[in-house]
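Colleague: model-v4.txt is reproduced in full below (compact mmCIF, C-alpha atoms and all ligand atoms).
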# COMPACT_ATOMS: atom_id res chain seq x y z
CA MET A 231 126.77 -90.93 0.50
CA GLN A 232 125.42 -87.65 1.98
CA THR A 233 125.83 -85.72 -1.29
CA LEU A 234 123.15 -83.22 -0.31
CA GLY A 235 124.00 -82.97 3.40
CA ASN A 236 122.49 -79.81 4.96
CA LYS A 237 120.74 -78.73 1.78
CA LYS A 238 117.22 -77.51 2.41
CA ILE A 239 114.73 -78.32 -0.31
CA LEU A 240 111.20 -76.98 -0.40
CA LEU A 241 109.21 -79.27 -2.66
CA GLY A 242 105.95 -77.91 -4.03
CA ILE A 243 103.40 -80.41 -5.34
CA THR A 244 100.56 -79.31 -7.62
CA GLY A 245 97.61 -81.29 -8.93
CA GLY A 246 98.94 -83.77 -11.47
CA ILE A 247 99.08 -87.53 -11.64
CA ALA A 248 102.90 -87.28 -11.62
CA ALA A 249 102.64 -86.34 -7.92
CA TYR A 250 103.26 -90.02 -7.16
CA LYS A 251 106.78 -89.69 -8.66
CA SER A 252 107.56 -86.91 -6.18
CA ALA A 253 107.18 -89.36 -3.30
CA GLU A 254 110.19 -91.23 -4.68
CA LEU A 255 112.02 -87.91 -5.11
CA VAL A 256 111.49 -87.11 -1.41
CA ARG A 257 112.91 -90.53 -0.52
CA LEU A 258 116.01 -89.99 -2.70
CA LEU A 259 116.59 -86.50 -1.29
CA VAL A 260 116.28 -87.60 2.34
CA LYS A 261 118.60 -90.55 1.68
CA ALA A 262 121.19 -88.11 0.25
CA GLY A 263 121.08 -86.06 3.46
CA ALA A 264 118.81 -83.20 2.34
CA GLU A 265 116.19 -81.67 4.61
CA VAL A 266 112.89 -81.69 2.76
CA ARG A 267 109.68 -79.78 3.48
CA VAL A 268 106.68 -80.44 1.29
CA VAL A 269 103.97 -77.94 0.32
CA MET A 270 100.84 -79.16 -1.48
CA THR A 271 98.20 -77.22 -3.36
CA PRO A 272 94.57 -78.18 -2.69
CA SER A 273 94.28 -80.06 -6.01
CA ALA A 274 97.51 -81.99 -5.35
CA GLN A 275 95.75 -83.52 -2.37
CA GLU A 276 93.25 -85.10 -4.75
CA PHE A 277 96.06 -87.24 -6.15
CA VAL A 278 98.25 -88.19 -3.17
CA GLN A 279 97.58 -88.03 0.56
CA PRO A 280 99.78 -85.58 2.50
CA LEU A 281 100.59 -88.41 4.90
CA THR A 282 102.72 -90.07 2.19
CA TYR A 283 105.11 -87.12 2.00
CA GLN A 284 104.98 -86.60 5.74
CA ALA A 285 106.14 -90.17 6.34
CA LEU A 286 108.93 -89.88 3.75
CA SER A 287 110.19 -86.40 4.70
CA GLY A 288 109.74 -86.82 8.44
CA HIS A 289 107.99 -83.44 8.66
CA ARG A 290 104.44 -82.22 8.54
CA VAL A 291 103.22 -81.22 5.10
CA TYR A 292 102.19 -77.59 4.56
CA LEU A 293 98.76 -77.32 2.98
CA ASP A 294 97.12 -74.04 3.65
CA LEU A 295 98.21 -70.43 3.81
CA PHE A 296 96.31 -69.74 7.02
CA ASP A 297 97.13 -73.09 8.50
CA ALA A 298 100.83 -72.41 7.99
CA GLU A 299 100.55 -69.02 9.64
CA ALA A 300 98.82 -70.59 12.60
CA ASP A 301 101.71 -72.99 13.03
CA SER A 302 104.28 -71.25 15.18
CA ALA A 303 106.98 -73.67 13.91
CA MET A 304 107.43 -71.78 10.61
CA ASP A 305 105.20 -69.30 8.83
CA HIS A 306 105.18 -68.89 5.07
CA ILE A 307 107.76 -66.13 5.00
CA GLU A 308 110.11 -68.12 7.20
CA LEU A 309 109.57 -71.17 5.01
CA ALA A 310 110.39 -69.13 1.91
CA ARG A 311 113.62 -67.93 3.54
CA TRP A 312 114.51 -71.30 4.97
CA CYS A 313 115.03 -73.20 1.73
CA ASP A 314 118.15 -73.33 -0.50
CA LEU A 315 116.03 -74.39 -3.46
CA LEU A 316 112.32 -74.36 -4.19
CA LEU A 317 111.29 -77.06 -6.66
CA VAL A 318 107.73 -77.42 -7.91
CA ALA A 319 107.24 -80.98 -9.22
CA PRO A 320 104.82 -81.65 -10.75
CA ALA A 321 104.05 -78.15 -12.02
CA THR A 322 100.72 -78.01 -13.87
CA ALA A 323 99.90 -75.64 -16.75
CA ASP A 324 97.57 -73.75 -14.38
CA PHE A 325 100.33 -73.36 -11.79
CA LEU A 326 102.88 -72.14 -14.38
CA GLY A 327 100.41 -69.53 -15.64
CA LYS A 328 99.69 -68.25 -12.15
CA LEU A 329 103.37 -68.27 -11.18
CA ASN A 330 104.18 -66.23 -14.27
CA ALA A 331 101.37 -63.78 -13.55
CA GLY A 332 102.46 -63.36 -9.93
CA TYR A 333 99.33 -64.82 -8.31
CA ALA A 334 99.46 -65.74 -4.63
CA ASP A 335 96.13 -67.41 -3.99
CA ASN A 336 97.52 -70.53 -2.37
CA LEU A 337 100.40 -71.29 -0.03
CA LEU A 338 102.76 -72.59 -2.73
CA LEU A 339 102.31 -69.56 -5.01
CA THR A 340 102.78 -67.27 -2.02
CA LEU A 341 106.02 -69.04 -1.13
CA CYS A 342 107.31 -68.71 -4.70
CA LEU A 343 106.52 -65.02 -4.64
CA ALA A 344 108.07 -64.52 -1.20
CA SER A 345 111.26 -66.49 -1.83
CA LYS A 346 114.53 -65.00 -2.98
CA GLN A 347 115.95 -68.49 -3.43
CA PRO A 348 116.31 -70.24 -6.81
CA VAL A 349 113.05 -71.69 -8.12
CA ALA A 350 112.84 -74.71 -10.45
CA VAL A 351 109.72 -76.13 -12.06
CA ALA A 352 109.17 -79.61 -13.49
CA PRO A 353 106.20 -79.29 -15.87
CA ALA A 354 103.75 -82.18 -16.08
CA MET A 355 100.79 -81.96 -18.39
CA ASN A 356 99.11 -83.33 -21.49
CA GLN A 357 101.27 -82.81 -24.63
CA GLN A 358 98.61 -80.60 -26.24
CA MET A 359 98.49 -78.37 -23.16
CA PHE A 360 102.28 -78.15 -23.20
CA ALA A 361 102.23 -77.20 -26.91
CA ASN A 362 99.56 -74.53 -26.34
CA PRO A 363 100.88 -71.04 -27.17
CA SER A 364 99.78 -69.73 -23.75
CA THR A 365 101.79 -72.37 -21.92
CA ARG A 366 104.80 -71.76 -24.20
CA GLU A 367 104.57 -68.05 -23.53
CA HIS A 368 104.39 -68.59 -19.75
CA ILE A 369 107.40 -70.90 -19.86
CA LYS A 370 109.37 -68.43 -21.97
CA GLN A 371 108.58 -65.58 -19.60
CA LEU A 372 109.36 -67.68 -16.52
CA ALA A 373 112.75 -68.59 -18.01
CA ALA A 374 113.43 -64.87 -18.54
CA LYS A 375 112.65 -64.42 -14.82
CA ARG A 376 115.35 -67.02 -14.11
CA VAL A 377 112.96 -69.79 -13.11
CA MET A 378 114.74 -73.04 -14.00
CA LEU A 379 112.79 -75.35 -16.27
CA TRP A 380 113.48 -79.03 -15.65
CA GLY A 381 111.86 -81.15 -18.33
CA PRO A 382 109.33 -82.11 -19.41
CA ALA A 383 110.20 -85.52 -20.82
CA GLU A 384 108.71 -87.00 -23.95
CA GLY A 385 106.79 -90.25 -24.10
CA GLU A 386 103.57 -91.99 -23.26
CA GLN A 387 101.25 -90.01 -21.02
CA ALA A 388 98.72 -91.04 -18.38
CA CYS A 389 95.94 -89.84 -20.72
CA GLY A 390 97.17 -92.12 -23.54
CA ASP A 391 98.72 -89.35 -25.66
CA VAL A 392 102.35 -89.47 -26.71
CA GLY A 393 104.58 -86.40 -26.81
CA PRO A 394 106.45 -83.90 -24.63
CA GLY A 395 104.72 -83.08 -21.35
CA ARG A 396 105.33 -85.83 -18.85
CA MET A 397 107.29 -85.03 -15.72
CA LEU A 398 110.94 -86.07 -15.49
CA GLU A 399 111.55 -89.22 -13.47
CA ALA A 400 112.42 -88.80 -9.78
CA GLN A 401 116.02 -89.88 -10.42
CA GLN A 402 116.47 -87.22 -13.13
CA LEU A 403 115.06 -84.51 -10.88
CA PHE A 404 117.35 -85.71 -8.11
CA ASP A 405 120.37 -85.53 -10.47
CA ASN A 406 119.37 -81.98 -11.47
CA ILE A 407 119.21 -80.96 -7.81
CA ARG A 408 122.61 -82.49 -7.15
CA GLN A 409 124.05 -80.75 -10.18
CA HIS A 410 122.48 -77.46 -9.05
CA PHE A 411 124.41 -77.64 -5.79
CA SER A 412 127.71 -79.01 -7.08
CA PRO A 413 130.17 -76.20 -7.75
CA GLY A 414 130.76 -75.83 -11.48
CA ARG A 415 134.21 -76.08 -13.01
CA LEU A 416 133.65 -72.70 -14.66
CA ASP A 417 131.98 -70.86 -11.78
CA GLY A 418 132.30 -67.11 -12.26
CA VAL A 419 134.03 -67.48 -15.65
CA LYS A 420 132.82 -65.23 -18.51
CA LEU A 421 132.63 -67.25 -21.69
CA LEU A 422 132.02 -65.78 -25.13
CA LEU A 423 131.03 -68.12 -27.94
CA THR A 424 130.20 -67.84 -31.64
CA ALA A 425 127.91 -70.38 -33.31
CA GLY A 426 126.03 -71.08 -36.51
CA PRO A 427 126.62 -69.85 -40.03
CA THR A 428 126.87 -66.28 -41.30
CA ARG A 429 124.93 -64.84 -44.23
CA GLU A 430 126.65 -62.60 -46.74
CA ALA A 431 124.16 -60.57 -48.75
CA ILE A 432 124.27 -60.64 -52.56
CA ASP A 433 121.18 -58.45 -52.87
CA PRO A 434 118.14 -57.87 -50.61
CA VAL A 435 116.78 -61.39 -51.25
CA ARG A 436 119.87 -63.57 -51.78
CA TYR A 437 122.88 -64.48 -49.71
CA ILE A 438 125.93 -66.76 -49.48
CA SER A 439 125.95 -69.07 -46.47
CA ASN A 440 126.95 -72.59 -45.42
CA ARG A 441 125.54 -75.79 -43.93
CA SER A 442 126.27 -75.06 -40.25
CA SER A 443 123.20 -75.81 -38.08
CA GLY A 444 124.61 -74.22 -34.92
CA LYS A 445 123.87 -77.41 -32.95
CA MET A 446 127.45 -77.92 -31.75
CA GLY A 447 127.83 -74.32 -30.60
CA TYR A 448 124.48 -74.32 -28.81
CA ALA A 449 125.37 -77.61 -27.08
CA ILE A 450 128.68 -76.10 -25.94
CA ALA A 451 126.85 -73.03 -24.60
CA GLU A 452 124.52 -75.28 -22.62
CA ALA A 453 127.39 -77.40 -21.25
CA ALA A 454 129.26 -74.24 -20.19
CA VAL A 455 126.19 -72.88 -18.35
CA ARG A 456 125.89 -76.20 -16.52
CA GLN A 457 129.48 -75.76 -15.34
CA GLY A 458 128.64 -72.35 -13.92
CA ALA A 459 130.01 -70.07 -16.69
CA GLY A 460 128.29 -66.80 -17.61
CA VAL A 461 127.77 -67.42 -21.32
CA THR A 462 127.25 -64.91 -24.13
CA LEU A 463 126.34 -66.65 -27.37
CA VAL A 464 126.83 -64.65 -30.58
CA SER A 465 124.80 -66.61 -33.08
CA GLY A 466 124.29 -66.54 -36.80
CA PRO A 467 120.81 -67.44 -38.15
CA VAL A 468 119.77 -70.89 -36.87
CA SER A 469 116.48 -72.54 -35.99
CA LEU A 470 117.39 -73.50 -32.43
CA ALA A 471 116.05 -72.26 -29.10
CA PRO A 472 118.80 -70.66 -27.01
CA PRO A 473 119.85 -72.75 -24.00
CA GLN A 474 118.50 -71.49 -20.70
CA GLY A 475 120.64 -68.97 -18.86
CA VAL A 476 122.58 -67.87 -21.95
CA GLU A 477 122.75 -64.25 -23.13
CA LEU A 478 121.95 -64.48 -26.85
CA VAL A 479 123.16 -61.94 -29.42
CA ASN A 480 121.68 -62.56 -32.87
CA VAL A 481 123.70 -61.55 -35.91
CA GLU A 482 123.58 -62.26 -39.64
CA SER A 483 126.79 -61.30 -41.42
CA ALA A 484 130.43 -61.98 -40.56
CA GLN A 485 130.90 -58.23 -40.05
CA GLN A 486 128.04 -58.12 -37.50
CA MET A 487 129.51 -61.17 -35.75
CA TYR A 488 132.91 -59.47 -35.69
CA ASP A 489 131.43 -56.30 -34.16
CA ALA A 490 129.42 -58.21 -31.53
CA VAL A 491 132.47 -60.27 -30.51
CA MET A 492 134.92 -57.36 -30.43
CA GLN A 493 132.57 -55.39 -28.18
CA ARG A 494 132.72 -58.20 -25.60
CA ALA A 495 136.05 -60.01 -26.07
CA GLY A 496 138.08 -57.72 -23.79
CA GLU A 497 136.00 -58.58 -20.76
CA SER A 498 135.75 -62.33 -21.47
CA ASP A 499 137.85 -65.06 -19.87
CA ILE A 500 137.32 -67.68 -22.55
CA PHE A 501 136.45 -67.26 -26.24
CA ILE A 502 135.25 -70.26 -28.25
CA ALA A 503 134.89 -69.67 -31.99
CA CYS A 504 132.49 -72.36 -33.11
CA ALA A 505 130.78 -70.40 -35.89
CA ALA A 506 131.26 -71.30 -39.53
CA VAL A 507 132.14 -67.75 -40.53
CA SER A 508 132.00 -66.99 -44.20
CA ASP A 509 135.56 -66.32 -45.31
CA TYR A 510 134.40 -63.94 -48.06
CA ARG A 511 131.62 -61.42 -48.58
CA VAL A 512 130.28 -59.86 -51.74
CA ASP A 513 132.23 -56.69 -52.37
CA GLN A 514 129.26 -54.50 -53.25
CA ALA A 515 125.93 -56.12 -52.33
CA ALA A 516 123.25 -54.81 -54.71
CA GLN A 517 120.67 -52.47 -53.20
CA GLN A 518 117.92 -53.87 -55.43
CA LYS A 519 117.15 -57.43 -56.49
CA ILE A 520 119.52 -58.45 -59.29
CA LYS A 521 117.62 -59.28 -62.51
CA LYS A 522 118.94 -61.97 -64.83
CA SER A 523 120.42 -60.44 -67.93
CA SER A 524 123.01 -62.75 -69.45
CA ASP A 525 124.12 -66.42 -69.50
CA SER A 526 126.68 -65.96 -66.77
CA MET A 527 127.48 -63.52 -64.05
CA SER A 528 130.36 -63.00 -61.61
CA LEU A 529 130.45 -61.74 -58.08
CA GLN A 530 133.48 -60.00 -56.71
CA LEU A 531 134.22 -61.43 -53.24
CA VAL A 532 136.46 -59.84 -50.63
CA LEU A 533 137.99 -61.45 -47.55
CA ASN A 534 136.21 -61.06 -44.20
CA ALA A 535 138.22 -60.24 -41.09
CA ASP A 536 139.19 -63.33 -39.07
CA ILE A 537 137.31 -62.92 -35.79
CA LEU A 538 139.24 -65.56 -33.87
CA ALA A 539 142.68 -64.37 -35.00
CA THR A 540 141.74 -60.78 -34.12
CA VAL A 541 140.63 -61.77 -30.61
CA SER A 542 143.73 -63.87 -29.99
CA ALA A 543 145.93 -60.91 -31.01
CA LEU A 544 144.42 -58.60 -28.36
CA ASP A 545 146.72 -57.45 -25.54
CA GLN A 546 144.15 -58.46 -22.94
CA ARG A 547 143.13 -61.68 -24.63
CA PRO A 548 140.81 -64.40 -23.36
CA PHE A 549 141.76 -68.09 -23.48
CA CYS A 550 141.08 -68.80 -27.17
CA VAL A 551 139.59 -72.01 -28.56
CA GLY A 552 139.07 -72.51 -32.29
CA PHE A 553 137.42 -75.13 -34.45
CA ALA A 554 138.69 -76.66 -37.64
CA ALA A 555 136.17 -78.47 -39.80
CA GLU A 556 138.15 -80.16 -42.54
CA THR A 557 137.38 -82.60 -45.33
CA GLN A 558 140.98 -83.96 -45.40
CA ASP A 559 144.33 -83.84 -43.55
CA VAL A 560 142.51 -82.88 -40.35
CA GLU A 561 145.51 -82.96 -38.02
CA LYS A 562 147.85 -81.05 -40.33
CA TYR A 563 145.34 -78.23 -40.95
CA ALA A 564 144.26 -78.08 -37.30
CA LEU A 565 147.83 -77.76 -36.01
CA GLY A 566 148.50 -75.12 -38.68
CA LYS A 567 145.51 -73.07 -37.44
CA LEU A 568 146.57 -73.50 -33.79
CA GLU A 569 149.89 -71.83 -34.65
CA ARG A 570 148.74 -69.33 -37.24
CA LYS A 571 145.83 -68.01 -35.18
CA ASN A 572 147.85 -68.12 -31.91
CA LEU A 573 145.28 -70.32 -30.13
CA ASP A 574 145.28 -72.08 -26.78
CA MET A 575 143.27 -75.01 -28.13
CA ILE A 576 141.73 -76.22 -31.35
CA ALA A 577 138.96 -78.79 -31.79
CA ALA A 578 139.11 -80.51 -35.16
CA ASN A 579 136.74 -82.78 -36.98
CA GLN A 580 136.31 -84.32 -40.38
CA VAL A 581 133.24 -83.14 -42.25
CA GLY A 582 131.51 -84.38 -45.38
CA ASP A 583 130.91 -87.94 -46.62
CA GLY A 584 128.66 -89.01 -43.73
CA ASN A 585 131.10 -87.91 -41.03
CA GLY A 586 129.95 -85.94 -37.99
CA GLY A 587 129.90 -82.18 -38.24
CA PHE A 588 127.32 -80.12 -40.09
CA GLU A 589 123.56 -80.80 -40.00
CA VAL A 590 123.81 -84.00 -37.91
CA ASP A 591 123.19 -84.74 -34.23
CA PHE A 592 126.44 -86.55 -33.50
CA ASN A 593 130.07 -85.54 -33.69
CA GLN A 594 133.58 -86.57 -32.75
CA LEU A 595 136.56 -84.32 -32.14
CA GLU A 596 140.32 -84.41 -31.95
CA VAL A 597 141.44 -81.61 -29.65
CA PHE A 598 144.97 -80.19 -29.80
CA TRP A 599 146.90 -77.75 -27.65
CA HIS A 600 150.59 -76.98 -27.27
CA GLY A 601 152.08 -80.17 -25.92
CA GLY A 602 148.93 -82.27 -25.83
CA ARG A 603 145.98 -83.80 -27.60
CA HIS A 604 142.80 -85.64 -26.68
CA ALA A 605 140.25 -87.54 -28.73
CA ILE A 606 136.53 -87.24 -27.96
CA GLY A 607 134.88 -90.32 -29.46
CA GLN A 608 131.70 -90.28 -31.50
CA ALA A 609 128.67 -89.32 -29.39
CA SER A 610 125.67 -86.97 -29.40
CA LYS A 611 126.65 -83.32 -29.81
CA SER A 612 125.55 -82.62 -26.22
CA GLU A 613 127.81 -85.38 -24.86
CA VAL A 614 130.73 -84.20 -27.03
CA ALA A 615 130.09 -80.63 -25.82
CA LYS A 616 130.13 -81.76 -22.20
CA GLN A 617 133.49 -83.50 -22.63
CA LEU A 618 134.92 -80.57 -24.57
CA ILE A 619 133.89 -78.10 -21.84
CA ASP A 620 135.52 -80.36 -19.22
CA LEU A 621 138.72 -80.31 -21.26
CA ILE A 622 138.59 -76.55 -21.81
CA ALA A 623 137.98 -76.00 -18.06
CA GLU A 624 141.02 -78.16 -17.28
CA ARG A 625 143.33 -76.38 -19.74
CA TYR A 626 142.00 -72.94 -18.79
CA THR A 627 142.64 -73.63 -15.11
CA CYS A 628 146.21 -74.79 -15.92
CA ALA A 629 146.82 -71.69 -18.06
CA SER A 630 145.50 -69.23 -15.48
CA SER A 631 147.19 -70.74 -12.40
N1 LIG B 701 136.96 -68.05 -37.87
C1 LIG B 701 136.67 -66.77 -37.43
N2 LIG B 701 136.50 -65.77 -38.35
C2 LIG B 701 136.63 -66.00 -39.66
C3 LIG B 701 136.94 -67.29 -40.12
C4 LIG B 701 137.09 -68.30 -39.19
O1 LIG B 701 136.53 -66.56 -36.22
N3 LIG B 701 136.44 -64.99 -40.49
C5 LIG B 701 137.17 -69.11 -36.87
C6 LIG B 701 136.16 -70.21 -36.92
O2 LIG B 701 135.07 -69.93 -36.07
C7 LIG B 701 136.96 -71.42 -36.43
C8 LIG B 701 138.36 -71.13 -36.92
O3 LIG B 701 138.40 -69.72 -37.16
O4 LIG B 701 137.04 -71.49 -35.04
C9 LIG B 701 138.76 -71.84 -38.15
O5 LIG B 701 137.82 -71.60 -39.18
P1 LIG B 701 138.00 -72.25 -40.61
O6 LIG B 701 136.98 -71.71 -41.52
O7 LIG B 701 138.16 -73.72 -40.47
O8 LIG B 701 139.42 -71.73 -40.96
P2 LIG B 701 139.91 -70.63 -41.90
O9 LIG B 701 140.86 -69.80 -41.14
O10 LIG B 701 138.78 -69.93 -42.56
O11 LIG B 701 140.75 -71.48 -42.94
P3 LIG B 701 140.29 -72.32 -44.23
O12 LIG B 701 138.96 -71.74 -44.67
O13 LIG B 701 141.37 -72.06 -45.17
O14 LIG B 701 140.21 -73.74 -43.79
Spell out the structure here as structure tokens.

Modeller:
Amino acid sequence: MQTLGNKKILLGITGGIAAYKSAELVRLLVKAGAEVRVVMTPSAQEFVQPLTYQALSGHRVYLDLFDAEADSAMDHIELARWCDLLLVAPATADFLGKLNAGYADNLLLTLCLASKQPVAVAPAMNQQMFANPSTREHIKQLAAKRVMLWGPAEGEQACGDVGPGRMLEAQQLFDNIRQHFSPGRLDGVKLLLTAGPTREAIDPVRYISNRSSGKMGYAIAEAAVRQGAGVTLVSGPVSLAPPQGVELVNVESAQQMYDAVMQRAGESDIFIACAAVSDYRVDQAAQQKIKKSSDSMSLQLVLNADILATVSALDQRPFCVGFAAETQDVEKYALGKLERKNLDMIAANQVGDGNGGFEVDFNQLEVFWHGGRHAIGQASKSEVAKQLIDLIAERYTCASS
């Protein structure tokens, strides 16, 4: 099937042993109908002969800045404009550093600098080099410059080490390219999402919180980005890296989460409330650390505003999706919340006693809407998130057509 018919891929190869995997990638791309041009850095040529890629792509391989300019077929600026996607695979630590710093001392770096097209990199390096703070910093800064990071994978490395750093397999890179070009089900949709727990201060050093890890919300944010949505993630304190391409707003308390959401809800198309918002806060948090003075103490708690119910009551309201984490009578409570909070959908799950939900990597959901329901069977949180986003996209499209 010509799934990539007419797509023009510029594949940059830098000096890593994983360069051999890119030969297979070229074969897969050409078979899927893509037009592929290959650019190699000088050190890449130490690993694989240009002739390999030339034979597989059916085009000469670009090697040298001056050589390319001499070739009247396409100079480096034309080549940079020609492609629909520029993928560098393998991308060494040295290349990532230079790309981040804006160097242009070889043809591939010059093309990256000269191209307005999307750029993706597939890192390939020793696990220690990948863990190095300089590499991490370069990757972080490249992501902020909207360079897509594909991989690396974890596992055994050519040098004998084990850990994250090896390049994704050719098939995975091919799937990423296909996904990049397939129109998302939420293209152009603005999606607002809450995730994680909230912290309600008791005094400057203590707080009330809950067991939410934020993993489900972060997985949903990532799945929504993959479907083309513009995602704003309002997150309570968690120890997770934000998914690429997401606008992250960090908050602590339920009140801060409320403010951050209400500032953005009016201009959002979909709102997903995945956060475990503290229902109550301490009435008067102490300004100084509370000292122990007697055998018992009481805290006066007051109700926090319900963020989801407030959003769903707006005149110009987004499509609203809630969560219900229950320890018993899941369906009854979930349907009650669907009605009471005036929601379009609610995703319910049983928590506690070894069930999915908080602090674990798997989950399962029962999703309800007016006139329908759908069960998402037990799977990793990222798989459950993917299926949930598909379902939300389907219901949202029905509701807005
Ligand atoms: N929620 C919210 N703001 C709150 C409380 C809850 O936005 N102050 C959202 C949650 O993010 C979730 C849904 O409402 O999507 C249901 O939360 P949950 O805590 O299960 O329900 P409550 O309304 O708090 O009811 P209860 O605690 O009685 O189960």

Colleague: CA of Leu234 (chain A) and CA of Ser412 (chain A), how far apart in Å?

Modeller: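 We find that CA of Ser412 (chain A) and CA of Leu234 (chain A) lie 9.2 Å from each other.
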
Colleague: Neighbouring residues of region 359-370 of chain A were defined as those with any atom within 7 Å, considering only C-alpha atoms; residues of the same chain fewer than 4 positions away were excluded. Please report them as a list in words.

Modeller: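 Residues near the query, excluding close chain neighbours: Ala323, Leu326, Gly327, Asn330, Met355, Ala374 and Gly395 of chain A.
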
Colleague: Give me, as CSV, each residue of region 521-566 of chain A that comes within 10 Å of region 464-488 of chain A, together with its shortest interatomic pair and the distance in Å at one decimal, counting only C-alpha atoms, with rows ordered by chain and rising residue number.

Modeller:
residue,atom,partner,partner_atom,distance
A:Asn534,CA,A:Ala484,CA,6.9
A:Ala535,CA,A:Tyr488,CA,7.6
A:Asp536,CA,A:Tyr488,CA,8.1
A:Ile537,CA,A:Tyr488,CA,5.6
A:Leu538,CA,A:Tyr488,CA,9.0
A:Thr540,CA,A:Tyr488,CA,9.1
A:Val541,CA,A:Tyr488,CA,9.5

Colleague: Tell me, as number ranges by chain, which residues lie within 12 Å of Arg396 (chain A), counting all atoms listed in the file; anything in the same chain fewer than 5 positions away does not count.

Modeller: A: 246-249, 251, 319-323, 352-360, 380-391

Colleague: Using C-alpha atoms, can you export the residues from the last selection as a PDB file, in the frame of the given file?

Modeller:
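Wrote it out as selection-v6.pdb, contents follow:
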ATOM      1  CA  GLY A 246      98.940 -83.770 -11.470  1.00  0.00           C
ATOM      2  CA  ILE A 247      99.080 -87.530 -11.640  1.00  0.00           C
ATOM      3  CA  ALA A 248     102.900 -87.280 -11.620  1.00  0.00           C
ATOM      4  CA  ALA A 249     102.640 -86.340  -7.920  1.00  0.00           C
ATOM      5  CA  LYS A 251     106.780 -89.690  -8.660  1.00  0.00           C
ATOM      6  CA  ALA A 319     107.240 -80.980  -9.220  1.00  0.00           C
ATOM      7  CA  PRO A 320     104.820 -81.650 -10.750  1.00  0.00           C
ATOM      8  CA  ALA A 321     104.050 -78.150 -12.020  1.00  0.00           C
ATOM      9  CA  THR A 322     100.720 -78.010 -13.870  1.00  0.00           C
ATOM     10  CA  ALA A 323      99.900 -75.640 -16.750  1.00  0.00           C
ATOM     11  CA  ALA A 352     109.170 -79.610 -13.490  1.00  0.00           C
ATOM     12  CA  PRO A 353     106.200 -79.290 -15.870  1.00  0.00           C
ATOM     13  CA  ALA A 354     103.750 -82.180 -16.080  1.00  0.00           C
ATOM     14  CA  MET A 355     100.790 -81.960 -18.390  1.00  0.00           C
ATOM     15  CA  ASN A 356      99.110 -83.330 -21.490  1.00  0.00           C
ATOM     16  CA  GLN A 357     101.270 -82.810 -24.630  1.00  0.00           C
ATOM     17  CA  GLN A 358      98.610 -80.600 -26.240  1.00  0.00           C
ATOM     18  CA  MET A 359      98.490 -78.370 -23.160  1.00  0.00           C
ATOM     19  CA  PHE A 360     102.280 -78.150 -23.200  1.00  0.00           C
ATOM     20  CA  TRP A 380     113.480 -79.030 -15.650  1.00  0.00           C
ATOM     21  CA  GLY A 381     111.860 -81.150 -18.330  1.00  0.00           C
ATOM     22  CA  PRO A 382     109.330 -82.110 -19.410  1.00  0.00           C
ATOM     23  CA  ALA A 383     110.200 -85.520 -20.820  1.00  0.00           C
ATOM     24  CA  GLU A 384     108.710 -87.000 -23.950  1.00  0.00           C
ATOM     25  CA  GLY A 385     106.790 -90.250 -24.100  1.00  0.00           C
ATOM     26  CA  GLU A 386     103.570 -91.990 -23.260  1.00  0.00           C
ATOM     27  CA  GLN A 387     101.250 -90.010 -21.020  1.00  0.00           C
ATOM     28  CA  ALA A 388      98.720 -91.040 -18.380  1.00  0.00           C
ATOM     29  CA  CYS A 389      95.940 -89.840 -20.720  1.00  0.00           C
ATOM     30  CA  GLY A 390      97.170 -92.120 -23.540  1.00  0.00           C
ATOM     31  CA  ASP A 391      98.720 -89.350 -25.660  1.00  0.00           C
TER      32      ASP A 391
END

Colleague: Show me which residues are within 10 Å of ligand LIG 701 (chain B) counting only C-alpha atoms and all ligand atoms, and format the list as JSON, numbers by chain.

Modeller: {"A": [423, 424, 425, 426, 427, 428, 484, 485, 487, 488, 491, 501, 502, 503, 504, 505, 506, 507, 508, 509, 510, 533, 534, 535, 536, 537, 538, 539, 540, 541, 542, 550, 551, 552, 553, 554, 555, 556, 557, 563, 564, 566, 567, 568, 570, 571, 573, 575, 576, 577, 578, 579]}

Colleague: Up to 10 Å from (133.7, -60.1, -22.9) in the file's coordinates: name the residues, counting only C-alpha atoms, as a list in words.

Modeller: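 Within the cut-off we find Lys420, Leu421, Leu422, Leu423, Val461, Thr462, Ala490, Val491, Met492, Gln493, Arg494, Ala495, Gly496, Glu497, Ser498, Asp499, Ile500, Phe501, Arg547 and Pro548 of chain A.
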
Colleague: Would you mind telling me which residue in A:Leu241, A:Leu416, A:Ala515, A:Trp312 lies nearest to Leu621 (chain A) when using only C-alpha atoms?

Modeller: A:Leu416

Colleague: At what distance in Å, to one decimal, does CA of Val266 (chain A) lie from CA of Arg376 (chain A)?

Modeller: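 A separation of 22.5 Å between them.
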
Colleague: For the atom pair CA of Gln608 (chain A) and CA of Asn593 (chain A), what is the interatomic distance in Å to one decimal place?

Modeller: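 Spanning CA of Gln608 (chain A) to CA of Asn593 (chain A) is a straight-line distance of 5.5 Å.
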
Colleague: Tell me which of A:Asp294, A:Arg257, A:Arg625, A:Val349 sits closest to Thr282 (chain A), counting only C-alpha atoms.

Modeller: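 Under the stated criterion, the closest residue is A:Arg257.
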
Colleague: Excluding Ile432 (chain A) and its own-chain neighbours fewer than 4 positions away, which residues fall within 12 Å of it when counting all atoms listed in the file? Please give them as a list in words.

Modeller: Arg436, Tyr437, Ile438, Ser439, Ser483, Tyr510, Arg511, Val512, Asp513, Gln514, Ala515, Ala516, Gln517, Gln518, Lys519, Ile520, Ser528, Leu529, Gln530 and Leu531 of chain A
